[in-house]
$ cat protein-v5.cif   # mmCIF, C-alpha atoms and all ligand atoms
data_upload
#
loop_
_atom_site.label_atom_id
_atom_site.label_comp_id
_atom_site.auth_asym_id
_atom_site.auth_seq_id
_atom_site.Cartn_x
_atom_site.Cartn_y
_atom_site.Cartn_z
CA MET D 1 0.00 0.00 0.00
CA GLU D 2 1.19 3.45 -0.87
CA GLN D 3 1.55 6.22 1.62
CA GLU D 4 0.31 9.65 0.64
CA SER D 5 3.67 10.50 -0.95
CA GLY D 6 2.17 9.83 -4.38
CA LEU D 7 -0.41 12.57 -3.98
CA LYS D 8 -0.17 15.97 -5.51
CA VAL D 9 -1.17 19.08 -3.57
CA VAL D 10 -2.96 21.70 -5.64
CA ASP D 11 -4.01 25.26 -5.05
CA ALA D 12 -7.61 24.98 -6.25
CA LEU D 13 -7.40 28.51 -7.69
CA ASP D 14 -5.08 26.97 -10.31
CA LEU D 15 -7.67 24.39 -11.44
CA ASP D 16 -9.75 24.86 -14.56
CA PRO D 17 -12.50 27.48 -14.21
CA ASP D 18 -15.39 24.95 -14.20
CA LEU D 19 -13.91 22.99 -11.34
CA CYS D 20 -12.86 26.14 -9.52
CA ALA D 21 -16.47 27.38 -9.71
CA LEU D 22 -17.68 24.12 -8.14
CA LEU D 23 -15.06 23.90 -5.36
CA ARG D 24 -15.10 27.69 -4.65
CA PRO D 25 -11.67 27.79 -2.98
CA GLY D 26 -11.33 30.53 -0.40
CA ALA D 27 -14.94 31.72 -0.87
CA LEU D 28 -17.10 32.64 2.09
CA MET D 29 -19.93 30.16 2.67
CA PRO D 30 -22.83 31.14 4.91
CA GLY D 31 -23.68 28.72 7.71
CA SER D 32 -27.08 27.96 9.23
CA ASP D 33 -26.12 30.05 12.27
CA GLY D 34 -25.84 33.18 10.10
CA ARG D 35 -22.04 33.22 10.30
CA SER D 36 -19.90 32.68 7.20
CA HIS D 37 -16.87 30.45 6.88
CA ARG D 38 -14.02 30.47 4.34
CA LEU D 39 -13.87 27.33 2.19
CA PRO D 40 -10.58 25.41 1.84
CA ARG D 41 -8.14 26.26 -0.91
CA TYR D 42 -5.53 23.46 -0.87
CA PHE D 43 -6.56 20.03 -2.05
CA TYR D 44 -5.04 16.63 -2.70
CA GLU D 45 -5.45 15.59 -6.31
CA VAL D 46 -6.63 11.98 -6.53
CA PRO D 47 -5.82 10.74 -10.05
CA SER D 48 -7.90 7.55 -10.16
CA ARG D 49 -10.23 5.18 -8.33
CA GLU D 50 -7.26 2.85 -7.81
CA ALA D 51 -5.24 5.64 -6.19
CA ALA D 52 -8.20 6.47 -3.89
CA ARG D 53 -8.32 2.83 -2.84
CA GLU D 54 -4.57 2.45 -2.37
CA VAL D 55 -3.58 5.66 -0.63
CA ARG D 56 -3.77 5.13 3.12
CA LEU D 57 -4.03 8.23 5.27
CA THR D 58 -3.79 6.05 8.39
CA PRO D 59 -3.50 2.27 8.87
CA HIS D 60 -7.29 1.76 8.70
CA PHE D 61 -8.52 4.59 6.47
CA THR D 62 -7.92 4.97 2.76
CA LEU D 63 -8.55 8.22 0.96
CA GLY D 64 -11.37 6.55 -0.97
CA GLU D 65 -13.45 6.17 2.18
CA PHE D 66 -13.86 9.95 2.32
CA LEU D 67 -14.82 10.24 -1.35
CA LEU D 68 -17.96 8.08 -1.41
CA VAL D 69 -20.72 10.18 -2.96
CA ASP D 70 -23.90 9.57 -4.91
CA LEU D 71 -25.54 11.52 -7.74
CA LYS D 72 -26.25 14.45 -5.43
CA GLU D 73 -22.62 15.45 -5.95
CA ALA D 74 -21.82 17.51 -9.06
CA ALA D 75 -20.79 15.26 -11.98
CA ARG D 76 -17.44 16.97 -12.55
CA VAL D 77 -16.58 16.65 -8.86
CA ARG D 78 -17.32 12.88 -9.09
CA ASP D 79 -14.94 12.50 -12.06
CA PHE D 80 -11.27 11.71 -11.65
CA PRO D 81 -8.99 13.43 -11.03
CA ARG D 82 -10.87 14.24 -7.86
CA TYR D 83 -10.01 16.77 -5.20
CA VAL D 84 -10.26 16.54 -1.43
CA PRO D 85 -9.26 19.24 1.08
CA CYS D 86 -5.88 18.56 2.68
CA ALA D 87 -7.42 18.68 6.17
CA VAL D 88 -8.92 15.23 5.46
CA ARG D 89 -5.68 13.73 6.76
CA VAL D 90 -6.36 15.29 10.18
CA LEU D 91 -9.87 13.82 10.15
CA ALA D 92 -8.40 10.41 9.31
CA PHE D 93 -5.99 10.74 12.24
CA TYR D 94 -8.93 11.29 14.64
CA LEU D 95 -10.97 8.47 13.09
CA GLU D 96 -7.99 6.19 13.61
CA ARG D 97 -8.05 7.14 17.32
CA LEU D 98 -11.77 6.25 17.36
CA ARG D 99 -10.95 2.95 15.62
CA GLU D 100 -8.43 2.23 18.39
CA ALA D 101 -10.96 3.09 21.10
CA VAL D 102 -13.69 0.78 19.74
CA GLY D 103 -11.37 -1.96 18.43
CA VAL D 104 -13.53 -2.68 15.37
CA ALA D 105 -14.07 -1.23 11.90
CA VAL D 106 -15.56 2.27 11.61
CA HIS D 107 -17.64 2.63 8.43
CA VAL D 108 -18.11 6.02 6.74
CA ALA D 109 -21.44 6.43 4.90
CA VAL D 110 -22.01 7.38 1.26
CA ASN D 111 -21.99 11.23 1.18
CA GLY D 112 -20.52 10.94 4.67
CA GLY D 113 -17.01 12.18 3.91
CA TYR D 114 -16.06 15.13 1.71
CA ARG D 115 -18.90 16.96 -0.02
CA SER D 116 -18.22 19.89 -2.31
CA PRO D 117 -20.15 23.19 -2.08
CA ALA D 118 -21.88 22.04 -5.30
CA HIS D 119 -23.34 18.96 -3.60
CA ARG D 120 -27.16 19.02 -3.51
CA LEU D 121 -27.17 18.48 0.26
CA ALA D 122 -25.00 21.58 0.62
CA ALA D 123 -27.24 24.65 0.79
CA ARG D 124 -25.31 25.94 3.81
CA ALA D 125 -21.78 25.55 5.09
CA THR D 126 -21.26 22.07 6.51
CA ARG D 127 -17.98 20.79 7.85
CA HIS D 128 -18.18 18.05 5.20
CA MET D 129 -17.11 20.79 2.72
CA TRP D 130 -13.89 21.22 4.68
CA GLY D 131 -13.13 17.48 4.61
CA THR D 132 -13.22 17.55 8.42
CA ALA D 133 -16.52 15.74 9.04
CA ALA D 134 -17.52 12.09 8.85
CA ASP D 135 -20.91 10.40 9.00
CA VAL D 136 -20.44 6.92 10.43
CA TYR D 137 -23.31 4.49 9.89
CA ARG D 138 -21.81 1.34 11.37
CA ILE D 139 -19.19 0.48 13.97
CA GLY D 140 -18.18 -3.18 13.88
CA PRO D 141 -21.45 -5.16 14.02
CA VAL D 142 -23.51 -2.21 15.36
CA ALA D 143 -25.74 -0.29 12.95
CA LEU D 144 -26.13 3.26 14.25
CA ARG D 145 -29.87 3.55 13.70
CA ASP D 146 -31.39 4.04 17.12
CA GLN D 147 -31.08 6.45 20.01
CA SER D 148 -29.27 4.05 22.30
CA ALA D 149 -26.56 3.10 19.76
CA ILE D 150 -26.07 6.68 18.55
CA GLU D 151 -25.83 8.17 22.04
CA THR D 152 -23.49 5.42 23.24
CA TYR D 153 -21.05 5.97 20.37
CA ASN D 154 -21.41 9.76 20.51
CA ARG D 155 -20.12 9.56 24.08
CA ILE D 156 -17.21 7.38 23.00
CA VAL D 157 -16.32 9.90 20.26
CA GLU D 158 -16.39 12.72 22.80
CA GLU D 159 -14.09 10.73 25.07
CA VAL D 160 -11.61 10.21 22.21
CA SER D 161 -10.93 13.96 21.99
CA ASP D 162 -12.38 17.32 22.99
CA ASP D 163 -11.53 18.43 19.45
CA LEU D 164 -14.39 16.31 18.09
CA TRP D 165 -17.95 17.61 18.02
CA VAL D 166 -20.82 15.15 17.61
CA MET D 167 -24.32 15.83 16.35
CA PRO D 168 -26.99 15.01 18.93
CA PHE D 169 -29.54 12.27 18.29
CA GLY D 170 -32.88 13.54 16.99
CA HIS D 171 -35.17 13.67 13.97
CA GLY D 172 -35.06 17.37 13.05
CA PRO D 173 -32.46 19.68 11.47
CA GLY D 174 -29.11 19.73 13.24
CA THR D 175 -29.63 16.21 14.63
CA ALA D 176 -29.07 12.70 13.30
CA ASP D 177 -31.08 9.48 13.65
CA ASP D 178 -29.37 7.04 11.25
CA HIS D 179 -25.67 7.79 11.72
CA ILE D 180 -23.26 9.59 13.96
CA HIS D 181 -21.77 12.81 12.64
CA LEU D 182 -18.43 13.89 14.06
CA ASP D 183 -16.31 16.83 12.95
CA LEU D 184 -13.31 19.01 13.73
CA GLY D 185 -14.87 22.34 12.79
CA TYR D 186 -13.87 24.62 9.92
CA LEU D 187 -10.29 23.45 9.92
CA THR D 188 -8.13 24.18 6.89
CA LEU D 189 -4.64 22.91 6.24
CA VAL D 190 -1.88 24.73 4.39
CA PRO D 191 0.67 22.06 3.40
CA ARG D 192 4.28 22.86 4.32
CA GLU D 193 5.22 22.95 0.64
CA ILE D 194 2.85 25.84 -0.05
CA GLY D 195 3.99 29.45 -0.07
CA GLU D 196 1.12 31.88 0.37
CA ASP D 197 3.01 34.86 -1.04
CA ALA D 198 1.15 34.48 -4.34
CA GLY D 199 -1.93 35.79 -2.53
CA GLU D 200 -5.16 35.58 -4.45
CA ARG D 201 -3.56 35.53 -7.90
CA ARG D 202 -3.90 32.22 -9.61
CA GLY D 203 -1.51 30.22 -11.70
CA GLU D 204 1.60 32.38 -11.30
CA THR D 205 3.84 29.87 -9.57
CA PRO D 206 3.75 26.10 -9.66
CA ARG D 207 2.36 24.71 -6.45
CA PHE D 208 2.31 20.99 -7.15
CA ALA D 209 4.36 20.22 -4.10
CA PHE D 210 4.86 16.49 -4.37
CA GLU D 211 5.69 16.67 -8.06
CA GLU D 212 8.26 19.37 -7.38
CA ARG D 213 9.82 17.17 -4.77
CA ARG D 214 10.29 14.49 -7.39
CA GLY D 215 12.09 16.98 -9.63
CA GLY D 216 9.53 17.86 -12.28
CA ASP D 217 6.11 16.74 -13.33
CA ARG D 218 3.88 15.56 -16.11
CA ARG D 219 2.09 18.88 -16.52
CA GLY D 220 5.04 20.76 -17.90
CA TRP D 221 5.81 22.89 -14.89
CA PRO D 222 9.45 24.04 -14.81
CA ARG D 223 11.79 21.39 -13.48
CA ASP D 224 13.85 22.06 -10.39
CA GLU D 225 17.44 21.95 -11.65
CA ASN D 226 19.04 21.68 -8.21
CA LEU D 227 16.90 18.70 -7.36
CA GLU D 228 17.66 17.09 -10.71
CA MET D 229 21.38 17.43 -10.07
CA LEU D 230 20.97 15.78 -6.69
CA LEU D 231 18.95 12.95 -8.19
CA GLN D 232 21.54 12.39 -10.89
CA ARG D 233 24.32 12.26 -8.32
CA ARG D 234 22.56 9.41 -6.60
CA ASN D 235 23.10 7.31 -9.69
CA PRO D 236 26.85 7.01 -10.30
CA SER D 237 26.39 5.55 -13.77
CA ASP D 238 24.73 8.80 -14.93
CA GLN D 239 27.54 11.07 -13.91
CA PRO D 240 31.20 10.77 -12.92
CA PRO D 241 31.93 11.27 -9.20
CA ASP D 242 32.15 14.94 -8.29
CA PRO D 243 35.51 15.69 -6.61
CA ALA D 244 33.85 18.49 -4.63
CA ASP D 245 31.61 16.00 -2.77
ZN ZN I 1 -22.57 14.83 8.70
#
$ encode --input "protein-v5.cif" --output "structure tokens"
Amino acid sequence: MEQESGLKVVDALDLDPDLCALLRPGALMPGSDGRSHRLPRYFYEVPSREAAREVRLTPHFTLGEFLLVDLKEAARVRDFPRYVPCAVRVLAFYLERLREAVGVAVHVAVNGGYRSPAHRLAARATRHMWGTAADVYRIGPVALRDQSAIETYNRIVEEVSDDLWVMPFGHGPGTADDHIHLDLGYLTLVPREIGEDAGERRGETPRFAFEERRGGDRRGWPRDENLEMLLQRRNPSDQPPDPAD
């Protein structure tokens, strides 16, 4: 299984205009409480279904588990390459802690991971748009469909960390009766490879961090000559030994 090292980080402002209009990076999204929240801007690019299945964010959670959506999600957002906010890795870390606490599999529902602002369930800001919320419909053999199961596991989630908020059991808005919803709030993540000096201007500097690290990429961004020299030096057959080394 691959670690996340194969994933590319993108500044969503650099994506094509159609996709950018659906993901709305950095835009303010009104919440049901009347307050607005700024949508995430940095995303992992997931090239294929296979990559989603293979990339493990933690030992028990693959990236694909946070990308399960139905037709309520915009068609372009469902197509590969797909994009998921970088903060999803923090969510996976907390779900792994929950997995440790319960000792059995934690199952994320369809539409229960990342949902874009273009998703039909997304009239208002929901933490699912930040990649920091999960709807869990089953834990081990227990289906979370009744008050007793939901309230029991909500308490366990709260014991895992004060950082996690759970939705109370109930049948109306702002409650849940067929899953548990847990989230980390409107958390955004700026990967260490990203420089924010480009401000709001799009496309002026390459920001495909993992590709840069490998010394160039498939999209024709400028190659990093220093890195290339280092890579060549690792292979003695490519280049004679440098006496300065
Ligand atoms: Zn939810």
$ residues_near_ligand --input "protein-v5.cif" --ligand "ligand ZN 1 (chain I)" --cutoff "7 Å" --atoms "all atoms listed in the file" --output "ChimeraX atom specification"
/D:112,128,133-135,181-182
$ write_last_selection --input "protein-v5.cif" --atoms "C-alpha atoms" --output "PDB file, in the frame of the given file"
ATOM      1  CA  GLY D 112     -20.520  10.940   4.670  1.00  0.00           C
ATOM      2  CA  HIS D 128     -18.180  18.050   5.200  1.00  0.00           C
ATOM      3  CA  ALA D 133     -16.520  15.740   9.040  1.00  0.00           C
ATOM      4  CA  ALA D 134     -17.520  12.090   8.850  1.00  0.00           C
ATOM      5  CA  ASP D 135     -20.910  10.400   9.000  1.00  0.00           C
ATOM      6  CA  HIS D 181     -21.770  12.810  12.640  1.00  0.00           C
ATOM      7  CA  LEU D 182     -18.430  13.890  14.060  1.00  0.00           C
TER       8      LEU D 182
END
$ closest_residue --input "protein-v5.cif" --among "D:Ala21, D:Leu121, D:Ile156, D:Val108" --to "Arg138 of chain D" --atoms "only C-alpha atoms"
D:Val108
$ atom_distance --input "protein-v5.cif" --atom1 "atom CA of Arg24 of chain D" --atom2 "atom CA of Ala52 of chain D"
22.3 Å
$ residues_around --input "protein-v5.cif" --residues "segment 166-180 of chain D" --least-positions-apart "4" --cutoff "12 Å" --atoms "only C-alpha atoms" --output "number ranges by chain"
D: 31-33, 106-112, 124, 126-127, 133-139, 142-162, 184-185
$ residues_around --input "protein-v5.cif" --residues "Ala122 of chain D" --least-positions-apart "3" --cutoff "12 Å" --atoms "all atoms listed in the file" --output "VMD selection string"
chain D and resid 22 to 23 29 to 32 72 to 74 111 114 to 119 125 to 130
$ write_last_selection --input "protein-v5.cif" --atoms "C-alpha atoms" --output "mmCIF file, in the coordinates of the input"
data_model
loop_
_atom_site.group_PDB
_atom_site.id
_atom_site.type_symbol
_atom_site.label_atom_id
_atom_site.label_comp_id
_atom_site.auth_asym_id
_atom_site.auth_seq_id
_atom_site.Cartn_x
_atom_site.Cartn_y
_atom_site.Cartn_z
ATOM 1 C CA LEU D 22 -17.680 24.120 -8.140
ATOM 2 C CA LEU D 23 -15.060 23.900 -5.360
ATOM 3 C CA MET D 29 -19.930 30.160 2.670
ATOM 4 C CA PRO D 30 -22.830 31.140 4.910
ATOM 5 C CA GLY D 31 -23.680 28.720 7.710
ATOM 6 C CA SER D 32 -27.080 27.960 9.230
ATOM 7 C CA LYS D 72 -26.250 14.450 -5.430
ATOM 8 C CA GLU D 73 -22.620 15.450 -5.950
ATOM 9 C CA ALA D 74 -21.820 17.510 -9.060
ATOM 10 C CA ASN D 111 -21.990 11.230 1.180
ATOM 11 C CA TYR D 114 -16.060 15.130 1.710
ATOM 12 C CA ARG D 115 -18.900 16.960 -0.020
ATOM 13 C CA SER D 116 -18.220 19.890 -2.310
ATOM 14 C CA PRO D 117 -20.150 23.190 -2.080
ATOM 15 C CA ALA D 118 -21.880 22.040 -5.300
ATOM 16 C CA HIS D 119 -23.340 18.960 -3.600
ATOM 17 C CA ALA D 125 -21.780 25.550 5.090
ATOM 18 C CA THR D 126 -21.260 22.070 6.510
ATOM 19 C CA ARG D 127 -17.980 20.790 7.850
ATOM 20 C CA HIS D 128 -18.180 18.050 5.200
ATOM 21 C CA MET D 129 -17.110 20.790 2.720
ATOM 22 C CA TRP D 130 -13.890 21.220 4.680
#
$ atom_distance --input "protein-v5.cif" --atom1 "atom CA of Leu19 of chain D" --atom2 "atom CA of Leu95 of chain D"
28.6 Å
$ atom_distance --input "protein-v5.cif" --atom1 "atom CA of Ala12 of chain D" --atom2 "atom CA of Pro25 of chain D"
5.9 Å
$ closest_residue --input "protein-v5.cif" --among "D:Asp16, D:Glu45, D:Glu196, D:Asp183" --to "Pro85 of chain D" --atoms "only C-alpha atoms"
D:Glu45
$ residues_near_point --input "protein-v5.cif" --point "(-9.0, 3.8, 6.0)" --cutoff "12 Å" --atoms "only C-alpha atoms" --output "ChimeraX atom specification"
/D:1,3,52-67,88-89,91-99,105-108,113
$ decode --input "protein-v5.cif" --residues "segment 19-95 of chain D" --atoms "C-alpha atoms" --output "PDB file, in the first residue's frame"
ATOM      1  CA  LEU D  19     -13.905  22.989 -11.344  1.00  0.00           C
ATOM      2  CA  CYS D  20     -12.860  26.140  -9.522  1.00  0.00           C
ATOM      3  CA  ALA D  21     -16.474  27.383  -9.709  1.00  0.00           C
ATOM      4  CA  LEU D  22     -17.683  24.122  -8.143  1.00  0.00           C
ATOM      5  CA  LEU D  23     -15.064  23.902  -5.356  1.00  0.00           C
ATOM      6  CA  ARG D  24     -15.102  27.690  -4.655  1.00  0.00           C
ATOM      7  CA  PRO D  25     -11.672  27.787  -2.977  1.00  0.00           C
ATOM      8  CA  GLY D  26     -11.335  30.530  -0.401  1.00  0.00           C
ATOM      9  CA  ALA D  27     -14.944  31.723  -0.874  1.00  0.00           C
ATOM     10  CA  LEU D  28     -17.101  32.640   2.090  1.00  0.00           C
ATOM     11  CA  MET D  29     -19.925  30.159   2.669  1.00  0.00           C
ATOM     12  CA  PRO D  30     -22.831  31.136   4.914  1.00  0.00           C
ATOM     13  CA  GLY D  31     -23.679  28.716   7.709  1.00  0.00           C
ATOM     14  CA  SER D  32     -27.077  27.959   9.228  1.00  0.00           C
ATOM     15  CA  ASP D  33     -26.122  30.050  12.272  1.00  0.00           C
ATOM     16  CA  GLY D  34     -25.839  33.179  10.099  1.00  0.00           C
ATOM     17  CA  ARG D  35     -22.037  33.218  10.305  1.00  0.00           C
ATOM     18  CA  SER D  36     -19.902  32.677   7.199  1.00  0.00           C
ATOM     19  CA  HIS D  37     -16.872  30.453   6.877  1.00  0.00           C
ATOM     20  CA  ARG D  38     -14.025  30.470   4.344  1.00  0.00           C
ATOM     21  CA  LEU D  39     -13.870  27.327   2.190  1.00  0.00           C
ATOM     22  CA  PRO D  40     -10.582  25.407   1.845  1.00  0.00           C
ATOM     23  CA  ARG D  41      -8.135  26.259  -0.907  1.00  0.00           C
ATOM     24  CA  TYR D  42      -5.526  23.460  -0.871  1.00  0.00           C
ATOM     25  CA  PHE D  43      -6.555  20.026  -2.050  1.00  0.00           C
ATOM     26  CA  TYR D  44      -5.045  16.631  -2.698  1.00  0.00           C
ATOM     27  CA  GLU D  45      -5.446  15.586  -6.310  1.00  0.00           C
ATOM     28  CA  VAL D  46      -6.634  11.979  -6.529  1.00  0.00           C
ATOM     29  CA  PRO D  47      -5.817  10.745 -10.047  1.00  0.00           C
ATOM     30  CA  SER D  48      -7.902   7.550 -10.156  1.00  0.00           C
ATOM     31  CA  ARG D  49     -10.231   5.183  -8.327  1.00  0.00           C
ATOM     32  CA  GLU D  50      -7.264   2.854  -7.815  1.00  0.00           C
ATOM     33  CA  ALA D  51      -5.245   5.636  -6.194  1.00  0.00           C
ATOM     34  CA  ALA D  52      -8.195   6.469  -3.893  1.00  0.00           C
ATOM     35  CA  ARG D  53      -8.316   2.828  -2.843  1.00  0.00           C
ATOM     36  CA  GLU D  54      -4.568   2.451  -2.366  1.00  0.00           C
ATOM     37  CA  VAL D  55      -3.577   5.659  -0.628  1.00  0.00           C
ATOM     38  CA  ARG D  56      -3.765   5.126   3.116  1.00  0.00           C
ATOM     39  CA  LEU D  57      -4.026   8.229   5.270  1.00  0.00           C
ATOM     40  CA  THR D  58      -3.785   6.053   8.385  1.00  0.00           C
ATOM     41  CA  PRO D  59      -3.500   2.270   8.866  1.00  0.00           C
ATOM     42  CA  HIS D  60      -7.288   1.755   8.700  1.00  0.00           C
ATOM     43  CA  PHE D  61      -8.519   4.591   6.474  1.00  0.00           C
ATOM     44  CA  THR D  62      -7.915   4.971   2.758  1.00  0.00           C
ATOM     45  CA  LEU D  63      -8.549   8.223   0.964  1.00  0.00           C
ATOM     46  CA  GLY D  64     -11.365   6.553  -0.967  1.00  0.00           C
ATOM     47  CA  GLU D  65     -13.453   6.171   2.184  1.00  0.00           C
ATOM     48  CA  PHE D  66     -13.858   9.950   2.316  1.00  0.00           C
ATOM     49  CA  LEU D  67     -14.820  10.236  -1.348  1.00  0.00           C
ATOM     50  CA  LEU D  68     -17.956   8.085  -1.410  1.00  0.00           C
ATOM     51  CA  VAL D  69     -20.716  10.180  -2.963  1.00  0.00           C
ATOM     52  CA  ASP D  70     -23.904   9.569  -4.907  1.00  0.00           C
ATOM     53  CA  LEU D  71     -25.535  11.523  -7.736  1.00  0.00           C
ATOM     54  CA  LYS D  72     -26.246  14.453  -5.428  1.00  0.00           C
ATOM     55  CA  GLU D  73     -22.615  15.447  -5.948  1.00  0.00           C
ATOM     56  CA  ALA D  74     -21.816  17.508  -9.061  1.00  0.00           C
ATOM     57  CA  ALA D  75     -20.792  15.258 -11.982  1.00  0.00           C
ATOM     58  CA  ARG D  76     -17.443  16.972 -12.546  1.00  0.00           C
ATOM     59  CA  VAL D  77     -16.579  16.646  -8.863  1.00  0.00           C
ATOM     60  CA  ARG D  78     -17.320  12.884  -9.086  1.00  0.00           C
ATOM     61  CA  ASP D  79     -14.942  12.503 -12.059  1.00  0.00           C
ATOM     62  CA  PHE D  80     -11.269  11.711 -11.647  1.00  0.00           C
ATOM     63  CA  PRO D  81      -8.989  13.429 -11.033  1.00  0.00           C
ATOM     64  CA  ARG D  82     -10.875  14.244  -7.859  1.00  0.00           C
ATOM     65  CA  TYR D  83     -10.008  16.771  -5.204  1.00  0.00           C
ATOM     66  CA  VAL D  84     -10.263  16.543  -1.434  1.00  0.00           C
ATOM     67  CA  PRO D  85      -9.262  19.245   1.083  1.00  0.00           C
ATOM     68  CA  CYS D  86      -5.880  18.556   2.682  1.00  0.00           C
ATOM     69  CA  ALA D  87      -7.423  18.679   6.174  1.00  0.00           C
ATOM     70  CA  VAL D  88      -8.921  15.227   5.461  1.00  0.00           C
ATOM     71  CA  ARG D  89      -5.679  13.734   6.763  1.00  0.00           C
ATOM     72  CA  VAL D  90      -6.364  15.286  10.180  1.00  0.00           C
ATOM     73  CA  LEU D  91      -9.875  13.821  10.152  1.00  0.00           C
ATOM     74  CA  ALA D  92      -8.398  10.414   9.306  1.00  0.00           C
ATOM     75  CA  PHE D  93      -5.993  10.743  12.241  1.00  0.00           C
ATOM     76  CA  TYR D  94      -8.926  11.286  14.640  1.00  0.00           C
ATOM     77  CA  LEU D  95     -10.971   8.469  13.087  1.00  0.00           C
TER      78      LEU D  95
END
